[in-house]
$ cat entry_10.txt   # compact mmCIF, C-alpha atoms and all ligand atoms
# COMPACT_ATOMS: atom_id res chain seq x y z
CA MET A 12 -25.54 -3.28 -0.73
CA LEU A 13 -24.07 -6.07 1.41
CA ASP A 14 -23.94 -8.40 -1.58
CA GLU A 15 -22.02 -5.84 -3.53
CA LEU A 16 -19.58 -5.35 -0.66
CA LEU A 17 -19.10 -9.09 -0.34
CA ALA A 18 -18.47 -9.44 -4.07
CA ARG A 19 -15.86 -6.69 -3.92
CA PHE A 20 -14.36 -8.34 -0.84
CA GLN A 21 -14.03 -11.61 -2.77
CA ALA A 22 -12.28 -9.62 -5.50
CA ARG A 23 -9.80 -8.44 -2.84
CA ASP A 24 -10.94 -4.84 -2.68
CA ARG A 25 -9.44 -3.36 0.50
CA LEU A 26 -12.10 -0.71 0.81
CA ALA A 27 -14.74 -3.44 0.85
CA LEU A 28 -12.74 -5.29 3.52
CA ALA A 29 -12.60 -2.11 5.59
CA ARG A 30 -16.35 -1.51 5.25
CA LEU A 31 -17.18 -5.10 6.16
CA LEU A 32 -14.91 -4.92 9.19
CA THR A 33 -16.73 -1.78 10.26
CA LEU A 34 -20.06 -3.57 10.00
CA VAL A 35 -18.74 -6.45 12.08
CA ALA A 36 -17.24 -4.07 14.64
CA ARG A 37 -20.72 -2.57 15.02
CA GLY A 38 -22.25 -6.01 15.36
CA GLU A 39 -24.20 -5.61 12.13
CA GLN A 40 -24.85 -8.27 9.46
CA LEU A 41 -22.84 -10.83 11.41
CA GLU A 42 -24.67 -13.87 10.19
CA ALA A 43 -24.74 -12.84 6.55
CA ILE A 44 -21.05 -12.08 6.58
CA ARG A 45 -20.19 -15.27 8.41
CA ALA A 46 -22.26 -17.25 5.94
CA ALA A 47 -20.50 -15.64 3.00
CA LEU A 48 -17.08 -16.76 4.17
CA SER A 49 -15.90 -20.10 2.92
CA PRO A 50 -14.06 -22.33 5.36
CA LYS A 51 -10.94 -22.22 3.19
CA ASN A 52 -7.70 -20.50 4.11
CA GLU A 53 -8.15 -21.19 7.77
CA THR A 54 -4.60 -22.31 8.27
CA THR A 55 -3.38 -18.72 8.34
CA PRO A 56 -1.38 -18.32 11.54
CA VAL A 57 -2.84 -15.93 14.10
CA VAL A 58 -0.39 -14.33 16.51
CA ALA A 59 -1.64 -12.42 19.55
CA ILE A 60 0.58 -9.79 21.14
CA THR A 61 -0.46 -9.04 24.69
CA GLY A 62 0.88 -7.30 27.77
CA ASN A 63 0.22 -4.38 30.03
CA ALA A 64 -0.49 -0.88 28.76
CA GLY A 65 2.62 0.84 27.53
CA VAL A 66 4.79 -2.27 27.32
CA GLY A 67 5.34 -1.55 23.64
CA LYS A 68 2.82 -3.82 21.92
CA SER A 69 2.04 -1.46 19.04
CA THR A 70 5.68 -0.63 18.49
CA LEU A 71 6.67 -4.29 18.44
CA VAL A 72 3.80 -5.27 16.17
CA GLY A 73 4.98 -2.63 13.72
CA LYS A 74 8.54 -3.95 13.81
CA LEU A 75 7.38 -7.53 13.48
CA ALA A 76 5.37 -6.53 10.42
CA GLU A 77 8.53 -5.10 8.89
CA VAL A 78 10.36 -8.39 9.50
CA LEU A 79 7.53 -10.30 7.86
CA ARG A 80 7.32 -7.94 4.91
CA ALA A 81 11.06 -8.33 4.39
CA GLU A 82 10.47 -12.07 4.18
CA GLY A 83 7.81 -11.44 1.57
CA LYS A 84 4.90 -12.38 3.83
CA SER A 85 1.78 -10.26 3.84
CA VAL A 86 0.41 -9.20 7.22
CA ALA A 87 -2.91 -8.05 8.58
CA ILE A 88 -2.83 -6.32 11.95
CA LEU A 89 -5.94 -6.03 14.09
CA ALA A 90 -5.07 -3.61 16.88
CA CYS A 91 -7.54 -3.68 19.73
CA ASP A 92 -7.58 -0.43 21.57
CA PRO A 93 -8.91 0.25 25.04
CA GLN A 94 -10.31 3.58 23.97
CA SER A 95 -13.11 4.39 21.66
CA PRO A 96 -11.95 5.25 18.17
CA LEU A 97 -14.36 8.12 18.45
CA THR A 98 -11.88 9.93 20.64
CA GLY A 99 -9.37 9.61 17.84
CA GLY A 100 -6.36 9.91 20.08
CA ALA A 101 -5.61 6.28 20.73
CA LEU A 102 -6.35 5.29 17.18
CA LEU A 103 -4.01 7.86 15.74
CA GLY A 104 -1.46 7.04 18.40
CA ASP A 105 -1.35 3.40 17.41
CA ARG A 106 -1.14 4.27 13.76
CA ALA A 107 1.76 6.56 14.48
CA ARG A 108 3.72 3.76 16.11
CA MET A 109 3.04 1.34 13.32
CA PRO A 110 4.40 1.59 9.83
CA THR A 111 1.85 3.08 7.49
CA HIS A 112 2.44 2.18 3.91
CA PRO A 113 -0.93 2.66 2.30
CA GLU A 114 0.63 1.74 -1.01
CA ASP A 115 1.80 -1.65 0.29
CA PRO A 116 -0.84 -4.26 -0.60
CA GLY A 117 0.89 -6.72 1.72
CA LEU A 118 0.21 -4.76 4.89
CA TYR A 119 -3.16 -4.02 6.39
CA ILE A 120 -3.63 -2.26 9.72
CA ARG A 121 -6.98 -1.90 11.40
CA SER A 122 -7.58 -0.32 14.79
CA LEU A 123 -10.57 -1.62 16.69
CA ALA A 124 -12.23 -0.36 19.80
CA ALA A 125 -12.08 -2.94 22.57
CA PRO A 126 -14.98 -2.66 24.97
CA SER A 127 -14.02 -1.21 28.30
CA GLY A 128 -14.01 -3.72 31.11
CA HIS A 129 -12.28 -7.02 31.20
CA GLN A 130 -12.12 -7.96 27.59
CA ALA A 131 -8.77 -7.95 25.89
CA VAL A 132 -10.03 -7.92 22.33
CA ALA A 133 -12.73 -6.18 20.39
CA GLN A 134 -16.04 -7.93 20.01
CA HIS A 135 -16.37 -10.32 17.10
CA VAL A 136 -12.63 -10.26 16.52
CA ASP A 137 -12.90 -13.97 15.75
CA LEU A 138 -15.00 -13.16 12.72
CA MET A 139 -12.64 -10.36 11.71
CA ILE A 140 -9.75 -12.81 11.86
CA ARG A 141 -11.57 -15.12 9.48
CA MET A 142 -12.24 -12.21 7.17
CA VAL A 143 -8.64 -11.06 6.88
CA ALA A 144 -7.52 -14.69 6.57
CA GLN A 145 -9.93 -15.16 3.71
CA PHE A 146 -8.79 -11.93 2.14
CA GLY A 147 -5.49 -13.72 1.71
CA PHE A 148 -3.01 -12.33 4.22
CA ASP A 149 -0.24 -14.74 5.17
CA VAL A 150 -0.06 -13.85 8.84
CA ILE A 151 -2.54 -12.21 11.17
CA VAL A 152 -1.34 -10.27 14.20
CA VAL A 153 -3.78 -9.20 16.90
CA GLU A 154 -2.70 -6.57 19.41
CA THR A 155 -4.74 -7.02 22.54
CA VAL A 156 -5.47 -4.76 25.45
CA GLY A 157 -3.50 -6.01 28.43
CA ALA A 158 -6.63 -6.68 30.41
CA GLY A 159 -5.37 -9.33 32.78
CA GLN A 160 -7.72 -12.23 33.13
CA GLY A 161 -9.68 -11.02 30.14
CA ASP A 162 -6.77 -12.07 28.02
CA ILE A 163 -7.74 -15.68 28.50
CA ALA A 164 -10.08 -15.08 25.56
CA VAL A 165 -7.01 -14.44 23.45
CA ARG A 166 -5.93 -18.01 24.04
CA GLU A 167 -8.98 -19.11 22.10
CA LEU A 168 -8.35 -16.89 19.13
CA ALA A 169 -4.66 -17.20 18.50
CA ASP A 170 -2.27 -19.92 17.47
CA VAL A 171 0.55 -18.30 19.35
CA VAL A 172 0.26 -15.87 22.26
CA VAL A 173 3.24 -13.59 22.80
CA LEU A 174 3.35 -11.88 26.19
CA LEU A 175 5.40 -8.71 26.46
CA VAL A 176 6.88 -7.69 29.79
CA GLN A 177 9.25 -4.84 30.46
CA PRO A 178 11.78 -3.94 33.11
CA GLU A 179 9.75 -2.15 35.73
CA SER A 180 10.69 -0.08 38.69
CA GLY A 181 10.44 -2.09 41.88
CA ASP A 182 9.34 -5.67 42.12
CA ASP A 183 5.80 -5.22 40.98
CA LEU A 184 5.31 -7.89 38.36
CA GLN A 185 1.76 -6.87 37.48
CA TRP A 186 1.46 -9.25 34.58
CA GLU A 187 2.33 -12.12 36.86
CA LYS A 188 -0.44 -11.26 39.29
CA ALA A 189 -2.83 -11.00 36.40
CA GLY A 190 -2.06 -14.58 35.42
CA LEU A 191 -0.85 -13.55 32.00
CA LEU A 192 2.09 -15.93 32.08
CA GLU A 193 -0.35 -18.82 31.97
CA ILE A 194 -1.60 -17.99 28.50
CA ALA A 195 1.76 -17.22 26.89
CA ASP A 196 3.59 -19.39 24.38
CA VAL A 197 6.43 -16.91 24.09
CA VAL A 198 7.50 -14.35 26.69
CA VAL A 199 9.29 -11.30 25.35
CA ILE A 200 11.40 -9.23 27.70
CA HIS A 201 10.66 -6.09 25.76
CA LYS A 202 12.56 -2.79 25.89
CA ALA A 203 15.66 -4.88 26.45
CA ASP A 204 17.63 -1.70 25.91
CA LEU A 205 16.49 -0.52 29.36
CA PRO A 206 18.34 -1.40 32.57
CA GLY A 207 16.92 -4.37 34.43
CA ALA A 208 16.18 -6.51 31.37
CA GLU A 209 18.59 -9.25 32.39
CA ARG A 210 17.25 -9.37 35.90
CA LEU A 211 13.70 -9.55 34.62
CA GLU A 212 14.67 -12.36 32.28
CA SER A 213 15.98 -14.43 35.18
CA GLN A 214 12.83 -13.69 37.20
CA VAL A 215 10.68 -14.87 34.32
CA ARG A 216 12.78 -17.99 33.77
CA GLU A 217 12.53 -18.76 37.46
CA LEU A 218 8.74 -18.43 37.40
CA LEU A 219 8.58 -20.65 34.36
CA SER A 220 10.69 -23.34 35.92
CA LEU A 221 8.08 -23.96 38.60
CA PRO A 222 6.51 -27.38 38.40
CA GLY A 223 3.50 -27.56 36.13
CA CYS A 224 4.60 -24.83 33.78
CA ARG A 225 4.57 -25.47 30.07
CA GLU A 226 7.69 -25.03 28.01
CA ILE A 227 7.72 -21.38 27.01
CA ALA A 228 10.36 -19.52 25.02
CA VAL A 229 11.82 -16.41 26.64
CA LEU A 230 13.49 -13.80 24.43
CA ARG A 231 14.95 -10.36 24.94
CA VAL A 232 13.79 -7.88 22.31
CA SER A 233 14.26 -4.17 21.82
CA SER A 234 12.07 -2.56 19.22
CA ALA A 235 13.92 0.71 19.75
CA LYS A 236 17.32 -0.85 19.03
CA GLN A 237 15.85 -3.36 16.57
CA THR A 238 17.33 -6.36 18.33
CA GLY A 239 15.82 -9.81 18.73
CA LEU A 240 13.08 -9.22 16.17
CA THR A 241 14.01 -11.85 13.58
CA GLU A 242 14.63 -14.33 16.40
CA LEU A 243 11.19 -13.50 17.72
CA TRP A 244 9.58 -14.27 14.39
CA SER A 245 11.40 -17.56 13.98
CA THR A 246 10.38 -18.54 17.51
CA ILE A 247 6.75 -17.69 16.80
CA ALA A 248 6.86 -19.53 13.48
CA SER A 249 8.20 -22.67 15.13
CA CYS A 250 5.60 -22.72 17.92
CA PRO A 251 3.23 -25.63 17.70
CA ARG A 252 -0.13 -24.27 16.63
CA ARG A 253 -3.26 -25.09 18.48
CA SER A 254 -5.70 -22.69 17.09
CA THR A 255 -9.40 -23.15 16.88
CA LEU A 256 -8.86 -22.54 13.20
CA ILE A 257 -6.84 -25.66 12.57
CA GLU A 258 -8.69 -28.10 14.73
CA PRO A 259 -10.47 -31.01 13.10
CA ASP A 260 -13.63 -30.01 11.31
CA GLY A 261 -16.06 -31.14 13.94
CA GLN A 262 -14.46 -28.97 16.54
CA VAL A 263 -14.42 -25.95 14.28
CA LEU A 264 -18.10 -26.58 13.69
CA LEU A 265 -18.78 -26.76 17.40
CA ARG A 266 -17.04 -23.50 18.06
CA HIS A 267 -18.84 -21.70 15.27
CA ALA A 268 -22.08 -23.16 16.51
CA GLN A 269 -21.32 -21.72 19.91
CA GLN A 270 -20.94 -18.23 18.44
CA VAL A 271 -24.11 -18.42 16.44
CA LEU A 272 -25.99 -19.80 19.42
CA ALA A 273 -24.69 -17.10 21.70
CA GLU A 274 -25.97 -14.49 19.27
CA ARG A 275 -29.36 -16.02 18.55
CA PHE A 276 -30.22 -17.60 21.87
CA GLN A 277 -28.85 -15.14 24.34
CA ASP A 278 -31.13 -16.49 27.07
CA ARG A 279 -29.37 -19.85 26.80
CA ALA A 280 -25.81 -18.57 26.61
CA GLY A 281 -25.07 -20.00 30.05
CA SER A 282 -26.15 -23.52 29.15
CA VAL A 283 -24.31 -23.36 25.84
CA GLY A 284 -21.17 -22.15 27.58
CA HIS A 285 -21.46 -24.98 30.08
CA VAL A 286 -21.54 -27.60 27.33
CA VAL A 287 -18.59 -26.03 25.56
CA ASP A 288 -16.62 -25.89 28.82
CA ARG A 289 -17.20 -29.59 29.38
CA TRP A 290 -16.08 -30.28 25.82
CA LYS A 291 -12.94 -28.24 26.42
CA ARG A 292 -12.21 -30.25 29.55
CA HIS A 293 -12.57 -33.38 27.41
CA GLU A 294 -15.55 -34.54 29.46
CA LEU A 295 -17.51 -34.73 26.23
CA ASP A 296 -16.32 -35.63 22.76
CA VAL A 297 -17.45 -33.51 19.87
CA THR A 298 -20.47 -35.69 19.03
CA GLN A 299 -21.70 -35.75 22.60
CA ALA A 300 -21.23 -32.00 22.85
CA ALA A 301 -23.22 -31.46 19.66
CA ASP A 302 -26.01 -33.65 21.10
CA GLU A 303 -26.08 -31.68 24.31
CA LEU A 304 -26.25 -28.43 22.38
CA LEU A 305 -29.25 -29.73 20.49
CA HIS A 306 -30.92 -30.51 23.81
CA VAL A 307 -30.27 -27.00 25.04
CA LEU A 308 -31.84 -25.58 21.89
CA ALA A 309 -34.83 -27.89 21.87
CA ARG A 310 -35.78 -26.85 25.39
N1 LIG B 1 13.15 1.95 25.61
C1 LIG B 1 12.25 1.44 24.78
N2 LIG B 1 11.04 2.01 24.65
C2 LIG B 1 10.15 1.45 23.80
C3 LIG B 1 10.46 0.29 23.04
N3 LIG B 1 9.36 -0.04 22.32
C4 LIG B 1 8.42 0.89 22.58
N4 LIG B 1 8.87 1.79 23.49
C5 LIG B 1 8.14 2.94 24.03
O1 LIG B 1 7.13 2.49 24.91
C6 LIG B 1 6.00 3.36 24.85
C7 LIG B 1 4.71 2.58 24.67
O2 LIG B 1 4.76 1.96 23.40
P1 LIG B 1 3.45 1.39 22.71
O3 LIG B 1 3.92 0.63 21.50
O4 LIG B 1 2.45 2.44 22.51
O5 LIG B 1 2.92 0.40 23.81
P2 LIG B 1 1.53 -0.39 23.85
O6 LIG B 1 1.76 -1.59 24.66
O7 LIG B 1 1.01 -0.58 22.47
O8 LIG B 1 0.60 0.62 24.60
P3 LIG B 1 -1.01 0.54 24.72
O9 LIG B 1 -1.56 0.14 23.39
O10 LIG B 1 -1.38 1.91 25.13
O11 LIG B 1 -1.29 -0.48 25.79
C8 LIG B 1 6.28 4.35 23.73
O12 LIG B 1 6.72 5.57 24.30
C9 LIG B 1 7.38 3.69 22.95
O13 LIG B 1 8.22 4.61 22.31
C10 LIG B 1 11.77 -0.29 23.20
O14 LIG B 1 12.14 -1.30 22.60
N5 LIG B 1 12.60 0.33 24.07
MG MG B 2 -0.90 -0.10 21.58
$ encode --input "entry_10.txt" --output "structure tokens" --more "lines below"
Ligand SMILES: Nc1nc2c(ncn2[C@@H]2O[C@H](COP(=O)(O)OP(=O)(O)OP(=O)(O)O)[C@@H](O)[C@H]2O)c(=O)[nH]1
Ligand SMILES: [Mg+2]
Amino acid sequence: MLDELLARFQARDRLALARLLTLVARGEQLEAIRAALSPKNETTPVVAITGNAGVGKSTLVGKLAEVLRAEGKSVAILACDPQSPLTGGALLGDRARMPTHPEDPGLYIRSLAAPSGHQAVAQHVDLMIRMVAQFGFDVIVVETVGAGQGDIAVRELADVVVLLVQPESGDDLQWEKAGLLEIADVVVIHKADLPGAERLESQVRELLSLPGCREIAVLRVSSAKQTGLTELWSTIASCPRRSTLIEPDGQVLLRHAQQVLAERFQDRAGSVGHVVDRWKRHELDVTQAADELLHVLAR
């Protein structure tokens, strides 16, 4: 059954892709599916779109997909939703705001339930990203749940993180309190058709000019008025990539090892995480980190 699905997936059957994604979303057959993927095609850019609820993520993702399609690029969208797809509402809502062209082989949209709590993306979305990359899409866009600190996980998954903010009533910059600015490569002042966009842009630029901030592009975009969208894509495309997916082989290996370990040796997840954290802080090189992981396992 799984073998047949995988064979159909390799033959670029979208129904097989959908079924496999469902298995992964349920946490089933993870290892077999992971093992069946070849490490090829992992240079596919992954763009995360994040921001608070209602800031227009789904709408913008839909518009961005149209820009990409017009350029002849195929796009897979993984839309993480705070609600269970069982309720139907959120799922259908997202679909409604995104273009649905079932006949377009260059566009694939998948809604995923993100677990409630602090996580910004659905579980195993890393594996799903690899799957759609392998399926052959040119660009992968992940819509995340604006879950504040939980979005840090997004940093690990994506080459480019786009943070959406919108003119809000009052001075309550929620996304700033949540630390979202820290993970962004591009900040979009979204709904730029609304009053207050200019003021918000200067607030954001001011925050970003504080010492210690990375260089981050700031753009005004209105999905409703269709302005700033092509500029947004060219900005994203010119961002330096620093994905897990394009790191040197050893580091990819280490990260995959971490996932497998976390699944198989749940009791040692803490120790594994500790080693990986030290590697990330450059306290260990990749060989040392691999050695330490072996120690953790041999215990
Ligand atoms: N004025 C204006 N409204 C917009 C724009 N883009 C989206 N909206 C509206 O903003 C609302 C929320 O849009 P969504 O795309 O659902 O936002 P979201 O961030 O995906 O929402 P969640 O997934 O629920 O967090 C909708 O009513 C949209 O019509 C825009 O450019 N301008
Ligand atoms: Mg949405």
$ closest_residue --input "entry_10.txt" --among "A:Cys91, A:Val197, A:Leu75, A:Ala144" --to "Phe20 of chain A" --atoms "all atoms listed in the file"
A:Ala144
$ closest_residue --input "entry_10.txt" --among "A:Ala208, A:Val153, A:Cys250, A:Val86" --to "ligand MG 2 (chain B)" --atoms "all atoms listed in the file"
A:Val153
$ closest_residue --input "entry_10.txt" --among "A:Arg121, A:Asp204, A:Arg216, A:Leu79" --to "Leu243 of chain A" --atoms "only C-alpha atoms"
A:Leu79
$ residues_around --input "entry_10.txt" --residues "Lys68 of chain A" --least-positions-apart "5" --cutoff "9 Å" --atoms "all atoms listed in the file" --output "CSV table (one decimal) with C-alpha atoms, in the coordinates of the input"
chain,number,residue,atom,x,y,z
A,60,ILE,CA,0.6,-9.8,21.1
A,61,THR,CA,-0.5,-9.0,24.7
A,62,GLY,CA,0.9,-7.3,27.8
A,63,ASN,CA,0.2,-4.4,30.0
A,73,GLY,CA,5.0,-2.6,13.7
A,154,GLU,CA,-2.7,-6.6,19.4
A,155,THR,CA,-4.7,-7.0,22.5
A,175,LEU,CA,5.4,-8.7,26.5
$ closest_residue --input "entry_10.txt" --among "A:Leu89, A:Leu16, A:Ala29, A:Leu211" --to "ligand MG 2 (chain B)" --atoms "all atoms listed in the file"
A:Leu89
$ residues_near_ligand --input "entry_10.txt" --ligand "ligand LIG 1 (chain B)" --cutoff "7 Å" --atoms "all atoms listed in the file" --output "list in words"
Gly62, Asn63, Ala64, Gly65, Val66, Gly67, Lys68, Ser69, Thr70, Leu71, Asp92, Asp105, Arg108, Val156, Gly157, His201, Lys202, Ala203, Asp204, Leu205, Val232, Ser233, Ser234, Ala235 and Lys236 of chain A
